[in-house]
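A.B. asks: My file is my_file39.txt. It has compact mmCIF, C-alpha atoms:
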# COMPACT_ATOMS: atom_id res chain seq x y z
CA MET H 1 92.20 141.36 90.19
CA LYS H 2 91.99 138.02 88.41
CA LYS H 3 95.18 136.60 86.95
CA PRO H 4 95.14 135.80 83.21
CA LEU H 5 94.26 132.17 82.61
CA LEU H 6 97.53 131.61 80.72
CA THR H 7 99.53 132.85 83.71
CA VAL H 8 97.63 130.57 86.09
CA LEU H 9 98.09 127.57 83.80
CA SER H 10 101.80 128.37 83.38
CA TRP H 11 102.28 128.54 87.14
CA PHE H 12 100.35 125.28 87.58
CA ALA H 13 102.50 123.54 84.96
CA PHE H 14 105.66 124.81 86.69
CA ALA H 15 104.43 123.57 90.06
CA ILE H 16 103.60 120.14 88.66
CA THR H 17 107.01 119.91 86.96
CA ALA H 18 108.85 120.95 90.12
CA HIS H 19 106.89 118.40 92.14
CA ALA H 20 107.65 115.67 89.60
CA ASN H 21 111.37 116.52 89.69
CA ASP H 22 111.36 116.17 93.48
CA ASP H 23 109.78 112.73 93.21
CA VAL H 24 113.21 111.21 92.51
CA LEU H 25 114.24 112.25 96.02
CA TYR H 26 111.58 109.91 97.42
CA ARG H 27 112.77 107.01 95.28
CA SER H 28 115.42 104.32 95.77
CA SER H 29 116.52 101.05 94.20
CA VAL H 30 117.92 97.86 95.67
CA ILE H 31 118.98 94.59 94.07
CA VAL H 32 116.87 91.54 94.93
CA THR H 33 116.66 87.94 93.75
CA GLY H 34 113.36 87.22 92.00
CA ASP H 35 110.27 89.39 91.74
CA ARG H 36 108.27 87.99 94.60
CA GLU H 37 106.97 89.16 97.96
CA GLU H 38 109.33 87.13 100.13
CA THR H 39 112.33 89.02 98.74
CA ARG H 40 110.57 92.36 98.16
CA VAL H 41 109.26 93.02 101.68
CA PRO H 42 112.59 92.42 103.49
CA ALA H 43 114.23 94.87 101.05
CA ILE H 44 111.94 97.77 102.00
CA PRO H 45 113.92 98.95 105.08
CA GLU H 46 117.08 99.13 102.95
CA GLY H 47 115.19 101.09 100.30
CA PHE H 48 113.82 103.38 103.01
CA ALA H 49 117.34 104.02 104.32
CA LEU H 50 118.61 104.92 100.84
CA ALA H 51 115.65 107.23 100.20
CA ALA H 52 116.09 108.93 103.59
CA GLN H 53 119.76 109.61 102.90
CA LYS H 54 118.97 111.01 99.48
CA LEU H 55 116.00 113.08 100.63
CA THR H 56 117.83 114.74 103.52
CA GLY H 57 121.31 114.80 102.00
CA ASN H 58 122.53 113.33 105.27
CA PRO H 59 124.24 109.91 105.09
CA ASP H 60 124.28 109.75 108.90
CA VAL H 61 120.50 109.84 109.24
CA VAL H 62 120.49 106.03 109.46
CA HIS H 63 122.48 106.24 112.71
CA ASN H 64 119.73 108.20 114.45
CA PRO H 65 118.43 106.11 117.41
CA THR H 66 114.87 106.55 116.11
CA PHE H 67 115.68 105.32 112.62
CA ALA H 68 115.38 101.57 113.24
CA SER H 69 111.81 101.80 114.51
CA LEU H 70 110.81 103.97 111.55
CA ALA H 71 112.42 101.52 109.12
CA THR H 72 110.29 98.74 110.60
CA GLY H 73 107.19 100.65 109.54
CA ALA H 74 108.59 101.52 106.12
CA PRO H 75 106.29 99.11 104.18
CA ALA H 76 103.39 101.45 104.98
CA MET H 77 105.30 104.31 103.31
CA VAL H 78 105.72 102.56 99.94
CA TRP H 79 103.52 104.25 97.35
CA SER H 80 104.56 102.01 94.43
CA TYR H 81 107.30 99.67 93.28
CA THR H 82 108.68 98.41 89.98
CA TYR H 83 111.08 95.69 88.88
CA HIS H 84 113.75 95.71 86.19
CA ASP H 85 115.39 92.43 85.19
CA ARG H 86 119.15 92.99 85.40
CA MET H 87 119.59 90.14 82.90
CA PHE H 88 117.00 91.46 80.46
CA GLY H 89 117.55 90.03 76.99
CA ARG H 90 119.59 87.11 78.26
CA PRO H 91 117.79 83.76 78.06
CA ILE H 92 117.29 81.57 81.11
CA HIS H 93 120.07 79.00 81.18
CA ASP H 94 120.65 75.61 82.78
CA GLU H 95 118.14 75.07 85.59
CA GLN H 96 117.84 78.77 86.44
CA GLY H 97 114.23 79.93 86.79
CA THR H 98 112.86 83.45 86.72
CA ARG H 99 112.70 83.36 90.53
CA ASP H 100 116.52 83.23 90.60
CA ARG H 101 117.20 86.19 88.33
CA PRO H 102 118.50 89.44 89.87
CA PHE H 103 116.20 92.45 89.67
CA ASP H 104 116.53 96.17 90.35
CA LEU H 105 113.62 96.82 92.70
CA THR H 106 112.65 100.50 92.77
CA PHE H 107 110.50 101.90 95.55
CA GLN H 108 108.59 105.16 95.31
CA PHE H 109 107.80 106.34 98.84
CA ASP H 110 104.80 108.44 99.82
CA ARG H 111 105.85 112.08 100.18
CA LYS H 112 103.73 113.00 103.19
CA ARG H 113 104.65 109.89 105.14
CA MET H 114 108.34 110.28 104.34
CA ASP H 115 108.28 113.95 105.30
CA HIS H 116 106.63 113.03 108.60
CA ALA H 117 109.22 110.32 109.24
CA MET H 118 112.06 112.74 108.54
CA ALA H 119 110.52 115.25 110.95
CA LEU H 120 110.52 112.58 113.66
CA LEU H 121 114.24 112.21 113.00
CA GLY H 122 114.78 115.94 113.32
CA GLU H 123 115.45 116.18 109.58
CA ARG H 124 113.70 117.86 106.70
CA PRO H 125 113.57 117.22 102.96
CA TRP H 126 116.19 118.97 100.85
CA LEU H 127 114.01 119.80 97.86
CA GLY H 128 114.70 121.61 94.64
CA ALA H 129 117.84 121.71 92.51
CA ARG H 130 120.93 120.25 94.13
CA PRO H 131 124.34 121.95 93.77
CA LYS H 132 126.59 120.70 90.98
CA LEU H 133 129.86 119.30 92.32
CA ALA H 134 133.11 119.40 90.32
CA LEU H 135 135.61 116.65 91.12
CA VAL H 136 139.41 116.85 91.24
CA VAL H 137 140.49 113.40 92.43
CA GLU H 138 144.02 112.05 92.42
CA VAL H 139 144.27 108.26 92.22
CA THR H 140 147.30 106.16 93.15
CA ASP H 141 146.81 102.46 92.50
CA MET H 142 149.29 99.59 92.32
CA ALA H 143 150.40 100.59 88.81
CA ARG H 144 150.18 104.35 88.37
CA ARG H 145 149.19 107.79 89.62
CA TYR H 146 146.71 109.96 87.70
CA VAL H 147 143.91 112.48 88.14
CA LEU H 148 140.41 111.37 87.11
CA ALA H 149 139.38 113.21 83.95
CA ALA H 150 136.23 113.15 81.84
CA ASP H 151 138.26 112.06 78.82
CA GLY H 152 141.00 110.19 80.65
CA VAL H 153 142.31 106.83 79.46
CA HIS H 154 142.43 105.51 83.01
CA GLY H 155 139.64 105.28 85.57
CA SER H 156 136.53 104.53 83.52
CA ASP H 157 135.32 102.13 86.23
CA LEU H 158 135.98 104.78 88.88
CA ARG H 159 134.02 107.40 86.95
CA ALA H 160 131.09 104.97 86.64
CA SER H 161 131.23 104.32 90.38
CA PHE H 162 131.22 108.06 91.06
CA GLU H 163 128.12 108.36 88.85
CA ASP H 164 126.39 105.70 90.97
CA ALA H 165 127.24 107.65 94.13
CA SER H 166 125.97 110.81 92.44
CA ALA H 167 122.58 109.17 91.78
CA ARG H 168 122.48 107.74 95.29
CA PHE H 169 122.56 111.22 96.83
CA ALA H 170 121.06 113.19 93.90
CA ILE H 171 124.18 115.36 93.69
CA PRO H 172 125.18 116.14 90.08
CA ILE H 173 128.90 115.70 89.46
CA ILE H 174 131.25 117.11 86.82
CA PHE H 175 134.64 115.77 85.75
CA ALA H 176 137.11 118.19 84.19
CA LYS H 177 138.87 117.30 80.95
CA GLU H 178 142.55 116.40 80.90
CA ALA H 179 143.47 119.70 79.26
CA ASP H 180 141.90 121.65 82.14
CA LEU H 181 143.55 119.44 84.76
CA SER H 182 147.04 119.50 83.22
CA ALA H 183 147.05 123.26 83.59
CA LEU H 184 146.24 122.92 87.30
CA VAL H 185 147.96 119.93 88.82
CA LEU H 186 151.42 120.47 90.24
CA GLU H 187 153.06 117.79 92.38
CA ASN H 188 149.66 116.80 93.78
CA VAL H 189 146.12 118.09 93.90
CA ASP H 190 146.66 119.66 97.33
CA ALA H 191 149.17 122.02 95.74
CA ILE H 192 146.51 123.60 93.50
CA PRO H 193 145.84 127.19 94.68
CA ASP H 194 142.29 128.02 95.68
CA GLU H 195 142.23 130.72 93.00
CA SER H 196 142.88 128.11 90.31
CA LEU H 197 140.23 125.82 91.75
CA ALA H 198 137.75 128.72 91.76
CA ARG H 199 138.45 129.40 88.08
CA LEU H 200 137.98 125.72 87.24
CA LYS H 201 134.72 125.63 89.16
CA SER H 202 133.44 128.61 87.21
CA ARG H 203 134.60 127.15 83.87
CA LEU H 204 132.78 123.89 84.58
CA GLY H 205 129.60 125.63 85.75
CA ALA H 206 129.84 123.94 89.14
CA ASP H 207 128.55 125.25 92.46
CA GLU H 208 131.22 123.58 94.60
CA ILE H 209 134.43 121.65 94.07
CA LEU H 210 135.60 118.48 95.81
CA VAL H 211 139.31 117.71 96.00
CA GLY H 212 140.44 114.26 97.05
CA HIS H 213 142.98 111.46 97.10
CA LEU H 214 142.26 107.80 96.51
CA ASP H 215 145.24 105.60 97.44
CA TRP H 216 145.55 101.82 97.43
CA GLU H 217 146.90 100.57 100.76
CA THR H 218 148.42 97.11 100.83
CA LYS H 219 148.57 96.96 104.64
CA GLU H 220 144.85 97.55 105.33
CA PRO H 221 144.16 96.27 102.55
CA GLY H 222 141.83 98.44 100.55
CA TRP H 223 141.47 102.05 99.48
CA HIS H 224 142.22 105.03 101.67
CA ALA H 225 140.38 108.18 100.61
CA ALA H 226 140.71 111.74 101.90
CA TRP H 227 138.29 114.48 100.81
CA ARG H 228 137.91 118.22 101.26
CA LEU H 229 135.79 121.15 100.11
CA PRO H 230 138.43 123.88 99.86
CA LEU H 231 136.15 126.65 98.59
CA GLY H 232 133.41 126.25 101.21
CA THR H 233 132.93 128.48 104.23
CA GLU H 234 135.36 126.13 105.98
CA ASP H 235 137.96 123.83 104.45
CA GLU H 236 136.20 120.76 105.81
CA ARG H 237 137.96 117.41 105.55
CA TRP H 238 136.94 113.79 106.06
CA GLU H 239 138.32 110.38 105.16
CA ILE H 240 137.68 106.67 105.04
CA ALA H 241 140.01 103.67 104.87
CA GLY H 242 140.02 99.94 104.22
CA VAL H 243 137.13 100.01 101.73
CA ASN H 244 136.46 99.35 98.06
CA PHE H 245 136.25 102.35 95.76
CA ASP H 246 132.44 102.20 95.61
CA ALA H 247 132.29 102.82 99.37
CA ALA H 248 135.00 105.48 99.07
CA PHE H 249 132.98 107.42 96.50
CA ARG H 250 129.75 107.08 98.47
CA ASN H 251 131.70 108.56 101.38
CA ALA H 252 132.86 111.39 99.12
CA ILE H 253 129.49 112.36 97.68
CA GLY H 254 127.56 111.69 100.90
CA GLY H 255 130.05 113.72 102.90
CA ALA H 256 129.84 116.59 100.41
CA ALA H 257 126.04 116.47 100.42
CA LYS H 258 125.97 116.61 104.21
CA ARG H 259 128.17 119.72 104.16
CA MET H 260 126.43 121.48 101.25
CA ARG H 261 122.81 121.00 102.32
CA PRO H 262 120.94 123.98 103.75
CA THR H 263 121.36 124.44 107.48
CA LYS H 264 118.14 126.42 107.97
When written as structure tokens, how does the structure in this file appear?

C.D. replies:
Amino acid sequence: MKKPLLTVLSWFAFAITAHANDDVLYRSSVIVTGDREETRVPAIPEGFALAAQKLTGNPDVVHNPTFASLATGAPAMVWSYTYHDRMFGRPIHDEQGTRDRPFDLTFQFDRKRMDHAMALLGERPWLGARPKLALVVEVTDMARRYVLAADGVHGSDLRASFEDASARFAIPIIFAKEADLSALVLENVDAIPDESLARLKSRLGADEILVGHLDWETKEPGWHAAWRLPLGTEDERWEIAGVNFDAAFRNAIGGAAKRMRPTK
């Protein structure tokens, strides 16, 4: 029996849309100086590494012994690239030429070649919608202690950094509002009962919740971060120390992605 034309066209449109949405998983951006070949080509292995981590949801894929040889051949996997002037709208000043301006260089990698490369690494693409991750993060800096909130006075730079880490791994993140957090937080975020975290996760429409500490250490120096997924099948924990908060948040989202991705 033939399917109605409208049904076929609707399915085709859905398939095209789903494919287009997955394209972002094969895409990465790096910062380069100037829009010329001598800075673009050396940046491709870095772009390949970022795309591989995003596509698989595994930040450790770059440590695979086979990865370095695949990265060497990454230029053949580039399907297209685009530049965005990070100083767009600002006139050239002094003796600065366009060759010296910083650009966001975005690579779109070929799907089939990337999928083949991931298979050689024993990985596979994590396609489709990614789980939404709610964040409950307690911050102790040199001046104060607070919990990051969507509408909080403190931590706007930290929230922006978390958003960058979210895009890096294609994991949507959600910050709770201060009113929701004030009803939860006791002496510290580790004292929040799992039942309360589960209710917050449901209220925020999240699929998983990440609880963490970010503490400034003067001895290391740098930030010490400890993370956990208390509502997962196991209360998995990981940490990082002696880093800036950008690296700490990449560790948070990358670690969560690695633990949330499908195992089969």

A.B. asks: Out of H:His63, H:Arg101, H:Arg113, H:Arg203, which residue has the shortest atom-to-atom distance to H:Tyr26 when counting only C-alpha atoms?

C.D. replies: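 Nearest candidate to H:Tyr26 out of H:His63, H:Arg101, H:Arg113, H:Arg203: H:Arg113.
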
A.B. asks: Every residue with an atom at most 10 Å from (131.0, 113.6, 97.0) (file coordinates; all atoms listed in the file) is what I'm after, so could you write them as a compact mmCIF listing (two decimals) with C-alpha atoms, in the frame of the given file?

C.D. replies:
# COMPACT_ATOMS: atom_id res chain seq x y z
CA LEU H 133 129.86 119.30 92.32
CA ALA H 134 133.11 119.40 90.32
CA LEU H 135 135.61 116.65 91.12
CA PHE H 162 131.22 108.06 91.06
CA ALA H 165 127.24 107.65 94.13
CA SER H 166 125.97 110.81 92.44
CA PHE H 169 122.56 111.22 96.83
CA ILE H 171 124.18 115.36 93.69
CA PRO H 172 125.18 116.14 90.08
CA ILE H 173 128.90 115.70 89.46
CA ILE H 209 134.43 121.65 94.07
CA LEU H 210 135.60 118.48 95.81
CA VAL H 211 139.31 117.71 96.00
CA GLY H 212 140.44 114.26 97.05
CA TRP H 227 138.29 114.48 100.81
CA ARG H 228 137.91 118.22 101.26
CA LEU H 229 135.79 121.15 100.11
CA ALA H 248 135.00 105.48 99.07
CA PHE H 249 132.98 107.42 96.50
CA ARG H 250 129.75 107.08 98.47
CA ASN H 251 131.70 108.56 101.38
CA ALA H 252 132.86 111.39 99.12
CA ILE H 253 129.49 112.36 97.68
CA GLY H 254 127.56 111.69 100.90
CA GLY H 255 130.05 113.72 102.90
CA ALA H 256 129.84 116.59 100.41
CA ALA H 257 126.04 116.47 100.42
CA LYS H 258 125.97 116.61 104.21
CA ARG H 259 128.17 119.72 104.16

A.B. asks: May I have a table of the residues of stretch 111-182 of chain H lying at most 7 Å from stretch 52-59 of chain H, giving each one's closest pair of atoms and their distance in Å to one decimal, counting all atoms listed in the file, ordered by chain and ascending residue number, as a tab-separated table?

C.D. replies:
residue	atom	partner	partner_atom	distance
H:Glu123	CA	H:Thr56	CA	6.7
H:Arg124	CA	H:Thr56	CA	6.1
H:Pro125	CA	H:Thr56	CA	5.0
H:Trp126	CA	H:Thr56	CA	5.3
H:Arg168	CA	H:Lys54	CA	6.4
H:Phe169	CA	H:Lys54	CA	4.5
H:Ala170	CA	H:Lys54	CA	6.3

A.B. asks: What's the 8 Å shell around H:Gly222, counting all atoms listed in the file, without same-chain residues fewer than 4 positions away, as an MDAnalysis selection string?

C.D. replies: chainID H and resid 216:218 241:244

A.B. asks: Between H:His224, H:Arg27, H:Lys201, H:Arg145, which residue has the minimum interatomic distance to H:Asp246, considering all atoms listed in the file?

C.D. replies: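 Using all atoms listed in the file, H:Asp246 sits closest to H:His224.
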
A.B. asks: For H:Ala191, which residue out of H:Pro65, H:Gly155, H:Pro230, H:Pro42 is the nearest one, using all atoms listed in the file?

C.D. replies: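 Checking each candidate against H:Ala191, we get H:Pro230 as the closest.
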
A.B. asks: So, with only C-alpha atoms as the atoms that count, which of H:Thr233, H:Thr106, H:Asn64, H:Thr82 lies closest to H:Ser29?

C.D. replies: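 Distance minimum relative to H:Ser29 lands on H:Thr106.
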
A.B. asks: Report, in Å with one decimal, the straight-line distance from atom CA of H:Asp151 to atom CA of H:Asn188.

C.D. replies: 19.4 Å

A.B. asks: Please give the centre and size of the box around stretch 76-86 of chain H (axis-aligned, containing every atom listed in the file, 5 Å added per side), with values in Å to one decimal and written as AutoDock Vina command-line options.

C.D. replies:
--center_x 111.3 --center_y 98.4 --center_z 95.1 --size_x 25.8 --size_y 21.9 --size_z 29.8

A.B. asks: When you draw a straight line from atom CA of H:Arg199 to atom CA of H:Ala247, how long is it in Å?

C.D. replies: 29.5 Å

A.B. asks: Would you mind telling me which residue in H:Ala198, H:Leu204, H:Met118, H:Ala74 lies nearest to H:Ala150 when using only C-alpha atoms?

C.D. replies: H:Leu204

A.B. asks: If we count all atoms listed in the file and set the cut-off at 10 Å, which residues sit around H:Glu138, ignoring sequence neighbours fewer than 4 positions away in its own chain? Please answer as an MDAnalysis selection string.

C.D. replies: chainID H and resid 145:149 185 188:190 211:215 225
